[in-house]
Amino acid sequence: MRSTMHGVWVLATVLLFLSGAAGPALAQPTRAQAQRPNIVVFLTDDQGYADLSSYGHPTIRTPHIDQMAREGIRLTSFYSTAPVCTPARAALLTGRYPVRSGLVNALSPGAPIGMPATELTLAEALRAQGYRTGIIGKWHLGDGPSFNPTAHGFDYFFGLPYSHDYRAPFVQGAPPVPLYRGTAVVERPVDDTTLTRRYTEEAIRFIREARGEPFFLYVAHSMPHLPAVASTRFRGRSRAGNYGDVIEELDWSVGEVLRTLAELGLDRRTITVFTSDNGPWTNAMPRSFQEGQTLQDVGYAGIFRGSKATTYEGGVRVPGIVRWPGTIPAGQVSAELAANMDLFPTFLHLAGAKTPMDRPIDGYDILPMLTGRAPSPRKELFYFSGRNLEAVREGRWKLRIAPPQQPGQTAAAPELFDLERDPGERSNVAADHQDTLARLRSRIDAFREEVAAAAPAARPGD
Ligand code: MG
């Protein structure tokens, strides 16, 4: 068998060489199809940087995600592009700062906006390359029919249109939360205690049904967003209480999906990513702490300052694990700068698609960094809160210029942090580095002008 396979490879290589010499028409599709991987993205919701064993949590056990990290690269300067759900997801799926799509704030049920038809989503771009595309989990990019994921490049959708806390008593007056399969509501109100288990079953089925066709699977878990709930099987199992149970069920879920890939012989043909959409919601409003949920049911940003919805590191620095056996060397830990919007051009390149030239794409192809062949192409990252550009990171430096708390107040003093010496943003060193302050301030001013000129007009609901 092995010698036969070897013979086939030799023949294929010779044919590839010959057809390449004769003309690219024969060679290119063969090579692209042979190399392009399946893509699986696990996105958790409101999970902190430090909620995994491999990122420093002392009592939550996450052996499957930790193993995924050991078998690939574990990034320690990986960012979500926004500190709340909707814009973070918009960036991941468009490769652009959310201000460009206008999806800058978390969308409520019935919001009149959603993913614009003019945006090219990762699912649309990959489907055009022959990928089967699926989203299992939370969409949160609009809940009207024209905003359904199946209208934006996904062949398959099983999940929620928005967060599972848009219901009483957390949000008074919200309609019961619907669970969708495609464009049909299949359960209402959704039983959120079984979501992680059901998402896992759906993800496994999606992979099995691909039957050799390349696929893009986006597993956007609803957990551990408040209310954080685990299925019966996982309740009371962890040393870290309910929140630990929820994270350990997510870890089980990742393990089940990875086990399925291995069983089907897809390990070396699949790139997998694990990350979170934003930091822990420690600053949630009192309405979020009901039905037994307390601050103990929220995660940790570890040594980072701030939380969800802030432009301190704790709002946007998230776990970033990428695994692709045989291509991304195992055992890497890297502090190279990267963001979730970088996945868009990276995956397009892997699928053989060209990055669109008709619009600004803010992401970079980070595969050479992930494989250890080159430093990250990302040299700077802008931090937005809604439409407000509040901070920029360039290398080790971060400048944060928060807007006034109240109209008419003067803005707070600029904060300059050396993130390599002071990742927790405790020491404002602006006074000692006036040149760096001026340079980064000019970068913020220039990018503010660029996106203000390019951004769509304000929409209802913003
Ligand atoms: Mg979130």
# chains A, B, ... in the order shown; residues from 1 in each chain; ligands from 1
call {"tool": "residues_near_ligand", "arguments": {"ligand": "ligand 1", "cutoff": "6 Å", "atoms": "only C-alpha atoms and all ligand atoms", "output": "ChimeraX atom specification"}}
result
/A:45-46,84-85,277-278
call {"tool": "residues_around", "arguments": {"residues": "Glu119 in chain A", "least_positions_apart": "5", "cutoff": "10 Å", "atoms": "only C-alpha atoms", "output": "PyMOL selection string"}}
result
chain A and resi 90+93-94+96+100-101+124+152+359
call {"tool": "closest_atom_pairs", "arguments": {"of": "range 163-264 of chain A", "to": "range 37-41 of chain A", "cutoff": "6 Å", "atoms": "only C-alpha atoms", "output": "Markdown table"}}
result
| residue | atom | partner | partner_atom | distance |
| --- | --- | --- | --- | --- |
| A:Pro214 | CA | A:Asn38 | CA | 5.2 |
| A:Phe215 | CA | A:Asn38 | CA | 5.0 |
| A:Phe216 | CA | A:Ile39 | CA | 4.7 |
| A:Leu217 | CA | A:Val40 | CA | 4.7 |
| A:Tyr218 | CA | A:Val41 | CA | 4.9 |
| A:Val219 | CA | A:Val41 | CA | 5.9 |
call {"tool": "write_last_selection", "arguments": {"atoms": "all heavy atoms", "output": "short mmCIF file (atom, residue, chain, number, x, y, z; two decimals), in the first residue's frame"}}
result
data_model
loop_
_atom_site.label_atom_id
_atom_site.label_comp_id
_atom_site.auth_asym_id
_atom_site.auth_seq_id
_atom_site.Cartn_x
_atom_site.Cartn_y
_atom_site.Cartn_z
N PRO A 214 -13.56 19.96 1.17
CA PRO A 214 -12.98 20.90 2.14
C PRO A 214 -14.08 21.67 2.86
O PRO A 214 -15.11 21.97 2.26
CB PRO A 214 -12.13 21.84 1.29
CG PRO A 214 -12.69 21.75 -0.08
CD PRO A 214 -13.26 20.36 -0.21
N PHE A 215 -13.89 21.93 4.14
CA PHE A 215 -14.93 22.62 4.89
C PHE A 215 -14.34 23.70 5.79
O PHE A 215 -13.18 23.65 6.18
CB PHE A 215 -15.76 21.64 5.73
CG PHE A 215 -14.98 20.85 6.75
CD1 PHE A 215 -14.68 21.37 8.00
CD2 PHE A 215 -14.54 19.55 6.46
CE1 PHE A 215 -13.97 20.64 8.94
CE2 PHE A 215 -13.83 18.81 7.40
CZ PHE A 215 -13.54 19.35 8.64
N PHE A 216 -15.19 24.68 6.05
CA PHE A 216 -14.94 25.73 7.03
C PHE A 216 -16.02 25.62 8.09
O PHE A 216 -17.20 25.80 7.79
CB PHE A 216 -14.97 27.12 6.38
CG PHE A 216 -15.06 28.26 7.37
CD1 PHE A 216 -14.20 28.35 8.46
CD2 PHE A 216 -15.99 29.28 7.19
CE1 PHE A 216 -14.29 29.41 9.37
CE2 PHE A 216 -16.09 30.35 8.09
CZ PHE A 216 -15.23 30.41 9.18
N LEU A 217 -15.62 25.28 9.30
CA LEU A 217 -16.56 25.13 10.41
C LEU A 217 -16.24 26.17 11.48
O LEU A 217 -15.13 26.20 12.02
CB LEU A 217 -16.47 23.72 10.99
CG LEU A 217 -17.30 23.46 12.25
CD1 LEU A 217 -18.79 23.70 12.01
CD2 LEU A 217 -17.06 22.04 12.77
N TYR A 218 -17.22 27.00 11.77
CA TYR A 218 -17.08 28.06 12.75
C TYR A 218 -17.95 27.68 13.95
O TYR A 218 -19.17 27.70 13.86
CB TYR A 218 -17.54 29.35 12.08
CG TYR A 218 -17.69 30.59 12.93
CD1 TYR A 218 -16.77 30.93 13.93
CD2 TYR A 218 -18.73 31.48 12.68
CE1 TYR A 218 -16.92 32.10 14.66
CE2 TYR A 218 -18.89 32.65 13.40
CZ TYR A 218 -17.98 32.95 14.40
OH TYR A 218 -18.14 34.11 15.11
N VAL A 219 -17.28 27.25 15.02
CA VAL A 219 -18.00 26.82 16.23
C VAL A 219 -17.97 27.98 17.23
O VAL A 219 -16.97 28.19 17.93
CB VAL A 219 -17.37 25.56 16.85
CG1 VAL A 219 -18.24 25.05 18.00
CG2 VAL A 219 -17.17 24.47 15.81
#
call {"tool": "residues_around", "arguments": {"residues": "Arg197 in chain A", "least_positions_apart": "6", "cutoff": "9 Å", "atoms": "only C-alpha atoms", "output": "list of chain:residue names"}}
result
A:Ala230, A:Ser231, A:Glu249, A:Leu250, A:Ser253
call {"tool": "write_last_selection", "arguments": {"atoms": "N, CA and C atoms", "output": "compact mmCIF listing (two decimals), in the first residue's frame"}}
result
# COMPACT_ATOMS: atom_id res chain seq x y z
N ALA A 230 -23.70 24.90 32.56
CA ALA A 230 -23.17 23.65 32.01
C ALA A 230 -24.29 22.62 31.96
N SER A 231 -24.11 21.61 31.12
CA SER A 231 -25.11 20.53 31.08
C SER A 231 -24.97 19.66 32.34
N GLU A 249 -16.60 21.91 30.26
CA GLU A 249 -17.45 21.33 29.22
C GLU A 249 -17.01 21.83 27.83
N LEU A 250 -16.63 23.11 27.75
CA LEU A 250 -16.11 23.62 26.48
C LEU A 250 -14.84 22.87 26.08
N SER A 253 -15.74 19.66 24.68
CA SER A 253 -16.26 19.87 23.34
C SER A 253 -15.14 19.96 22.30
call {"tool": "closest_residue", "arguments": {"among": "A:Val451, A:Ile113, A:Ala301, A:Val186", "to": "Arg387 in chain A", "atoms": "only C-alpha atoms"}}
result
A:Val451
call {"tool": "select_by_dssp", "arguments": {"residues": "range 256-420 of chain A", "states": "strand (DSSP E or B)", "output": "VMD selection string"}}
result
chain A and resid 270 to 276 317 320 to 323 332 to 334 338 to 339 380 to 385 388 to 394 397 to 400 415 to 418
call {"tool": "write_last_selection", "arguments": {"atoms": "N, CA and C atoms", "output": "mmCIF file, in the first residue's frame"}}
result
data_model
loop_
_atom_site.group_PDB
_atom_site.id
_atom_site.type_symbol
_atom_site.label_atom_id
_atom_site.label_comp_id
_atom_site.auth_asym_id
_atom_site.auth_seq_id
_atom_site.Cartn_x
_atom_site.Cartn_y
_atom_site.Cartn_z
ATOM 1 N N THR A 270 -6.225 19.773 8.406
ATOM 2 C CA THR A 270 -7.145 20.712 9.055
ATOM 3 C C THR A 270 -6.388 21.678 9.959
ATOM 4 N N ILE A 271 -6.620 22.954 9.729
ATOM 5 C CA ILE A 271 -6.077 23.973 10.637
ATOM 6 C C ILE A 271 -7.183 24.342 11.616
ATOM 7 N N THR A 272 -6.846 24.314 12.912
ATOM 8 C CA THR A 272 -7.837 24.628 13.939
ATOM 9 C C THR A 272 -7.354 25.812 14.774
ATOM 10 N N VAL A 273 -8.301 26.649 15.144
ATOM 11 C CA VAL A 273 -8.010 27.843 15.941
ATOM 12 C C VAL A 273 -8.917 27.835 17.160
ATOM 13 N N PHE A 274 -8.371 28.205 18.301
ATOM 14 C CA PHE A 274 -9.197 28.409 19.494
ATOM 15 C C PHE A 274 -8.967 29.824 19.999
ATOM 16 N N THR A 275 -10.066 30.568 20.190
ATOM 17 C CA THR A 275 -9.933 31.915 20.742
ATOM 18 C C THR A 275 -11.256 32.342 21.382
ATOM 19 N N SER A 276 -11.272 33.550 21.924
ATOM 20 C CA SER A 276 -12.468 34.107 22.566
ATOM 21 C C SER A 276 -12.789 35.448 21.923
ATOM 22 N N ARG A 317 -7.269 41.167 24.882
ATOM 23 C CA ARG A 317 -6.213 40.136 24.774
ATOM 24 C C ARG A 317 -6.842 38.811 25.184
ATOM 25 N N GLY A 320 -5.118 32.549 22.053
ATOM 26 C CA GLY A 320 -5.016 32.343 20.613
ATOM 27 C C GLY A 320 -4.178 31.108 20.357
ATOM 28 N N ILE A 321 -4.844 30.031 19.992
ATOM 29 C CA ILE A 321 -4.156 28.752 19.774
ATOM 30 C C ILE A 321 -4.414 28.324 18.339
ATOM 31 N N VAL A 322 -3.355 27.955 17.626
ATOM 32 C CA VAL A 322 -3.513 27.506 16.246
ATOM 33 C C VAL A 322 -2.756 26.194 16.072
ATOM 34 N N ARG A 323 -3.440 25.219 15.514
ATOM 35 C CA ARG A 323 -2.870 23.873 15.382
ATOM 36 C C ARG A 323 -3.057 23.385 13.957
ATOM 37 N N GLN A 332 5.208 25.552 20.058
ATOM 38 C CA GLN A 332 5.603 26.961 20.013
ATOM 39 C C GLN A 332 4.769 27.806 20.979
ATOM 40 N N VAL A 333 5.425 28.755 21.622
ATOM 41 C CA VAL A 333 4.734 29.793 22.392
ATOM 42 C C VAL A 333 5.303 31.109 21.885
ATOM 43 N N SER A 334 4.421 32.022 21.487
ATOM 44 C CA SER A 334 4.902 33.231 20.829
ATOM 45 C C SER A 334 4.187 34.464 21.325
ATOM 46 N N ALA A 338 -0.829 39.595 16.882
ATOM 47 C CA ALA A 338 -1.797 39.138 15.878
ATOM 48 C C ALA A 338 -3.200 39.387 16.419
ATOM 49 N N ALA A 339 -4.171 39.389 15.500
ATOM 50 C CA ALA A 339 -5.556 39.669 15.886
ATOM 51 C C ALA A 339 -6.501 38.745 15.139
ATOM 52 N N GLU A 380 1.094 47.032 14.163
ATOM 53 C CA GLU A 380 0.294 47.887 15.041
ATOM 54 C C GLU A 380 -1.144 47.390 15.085
ATOM 55 N N LEU A 381 -1.819 47.763 16.155
ATOM 56 C CA LEU A 381 -3.213 47.361 16.345
ATOM 57 C C LEU A 381 -3.966 48.523 16.969
ATOM 58 N N PHE A 382 -5.106 48.855 16.383
ATOM 59 C CA PHE A 382 -5.946 49.917 16.940
ATOM 60 C C PHE A 382 -7.048 49.302 17.793
ATOM 61 N N TYR A 383 -7.369 49.999 18.893
ATOM 62 C CA TYR A 383 -8.387 49.520 19.822
ATOM 63 C C TYR A 383 -9.574 50.469 19.772
ATOM 64 N N PHE A 384 -10.734 49.931 19.421
ATOM 65 C CA PHE A 384 -11.947 50.738 19.347
ATOM 66 C C PHE A 384 -12.897 50.373 20.481
ATOM 67 N N SER A 385 -13.625 51.386 20.942
ATOM 68 C CA SER A 385 -14.784 51.154 21.797
ATOM 69 C C SER A 385 -15.963 51.747 21.041
ATOM 70 N N ASN A 388 -15.368 54.765 18.697
ATOM 71 C CA ASN A 388 -14.250 55.579 19.201
ATOM 72 C C ASN A 388 -12.938 54.820 19.138
ATOM 73 N N LEU A 389 -11.987 55.397 18.452
ATOM 74 C CA LEU A 389 -10.643 54.826 18.429
ATOM 75 C C LEU A 389 -9.942 55.318 19.693
ATOM 76 N N GLU A 390 -9.732 54.407 20.633
ATOM 77 C CA GLU A 390 -9.223 54.835 21.941
ATOM 78 C C GLU A 390 -7.748 54.546 22.155
ATOM 79 N N ALA A 391 -7.180 53.614 21.397
ATOM 80 C CA ALA A 391 -5.797 53.235 21.709
ATOM 81 C C ALA A 391 -5.127 52.618 20.501
ATOM 82 N N VAL A 392 -3.810 52.611 20.557
ATOM 83 C CA VAL A 392 -3.027 51.922 19.526
ATOM 84 C C VAL A 392 -1.870 51.207 20.212
ATOM 85 N N ARG A 393 -1.555 50.022 19.703
ATOM 86 C CA ARG A 393 -0.343 49.331 20.130
ATOM 87 C C ARG A 393 0.615 49.278 18.947
ATOM 88 N N GLU A 394 1.869 49.615 19.222
ATOM 89 C CA GLU A 394 2.917 49.487 18.212
ATOM 90 C C GLU A 394 4.096 48.822 18.913
ATOM 91 N N TRP A 397 4.828 49.319 22.726
ATOM 92 C CA TRP A 397 4.168 50.520 23.247
ATOM 93 C C TRP A 397 2.679 50.519 22.973
ATOM 94 N N LYS A 398 1.942 51.024 23.951
ATOM 95 C CA LYS A 398 0.508 51.225 23.764
ATOM 96 C C LYS A 398 0.130 52.612 24.270
ATOM 97 N N LEU A 399 -0.520 53.371 23.411
ATOM 98 C CA LEU A 399 -1.047 54.677 23.814
ATOM 99 C C LEU A 399 -2.556 54.587 23.893
ATOM 100 N N ARG A 400 -3.097 55.005 25.007
ATOM 101 C CA ARG A 400 -4.549 54.984 25.189
ATOM 102 C C ARG A 400 -5.014 56.400 25.499
ATOM 103 N N GLU A 415 -2.448 57.865 28.273
ATOM 104 C CA GLU A 415 -1.728 56.826 29.018
ATOM 105 C C GLU A 415 -0.796 56.089 28.060
ATOM 106 N N LEU A 416 0.463 56.083 28.364
ATOM 107 C CA LEU A 416 1.427 55.337 27.556
ATOM 108 C C LEU A 416 1.972 54.188 28.396
ATOM 109 N N PHE A 417 1.843 52.976 27.863
ATOM 110 C CA PHE A 417 2.302 51.796 28.593
ATOM 111 C C PHE A 417 3.367 51.058 27.785
ATOM 112 N N ASP A 418 4.332 50.514 28.488
ATOM 113 C CA ASP A 418 5.313 49.612 27.892
ATOM 114 C C ASP A 418 4.820 48.193 28.184
#
call {"tool": "closest_residue", "arguments": {"among": "A:Asp362, A:Asp445, A:Glu202, A:Asp192", "to": "Gly134 in chain A", "atoms": "only C-alpha atoms"}}
result
A:Glu202
call {"tool": "closest_residue", "arguments": {"among": "A:Gln405, A:Thr133, A:Ser146, A:Thr311", "to": "Thr81 in chain A", "atoms": "only C-alpha atoms"}}
result
A:Thr311
call {"tool": "atom_distance", "arguments": {"atom1": "CA of Pro227 in chain A", "atom2": "CA of Ser163 in chain A"}}
result
9.7 Å
call {"tool": "residues_around", "arguments": {"residues": "Pro189 in chain A", "least_positions_apart": "6", "cutoff": "6 Å", "atoms": "only C-alpha atoms", "output": "JSON, numbers by chain"}}
result
{"A": [176, 177, 178]}
call {"tool": "write_last_selection", "arguments": {"atoms": "C-alpha atoms", "output": "PDB file, in the first residue's frame"}}
result
ATOM      1  CA  PRO A 176     -37.993  34.297  24.038  1.00  0.00           C
ATOM      2  CA  VAL A 177     -34.591  33.312  22.592  1.00  0.00           C
ATOM      3  CA  PRO A 178     -34.948  31.265  19.388  1.00  0.00           C
TER       4      PRO A 178
END
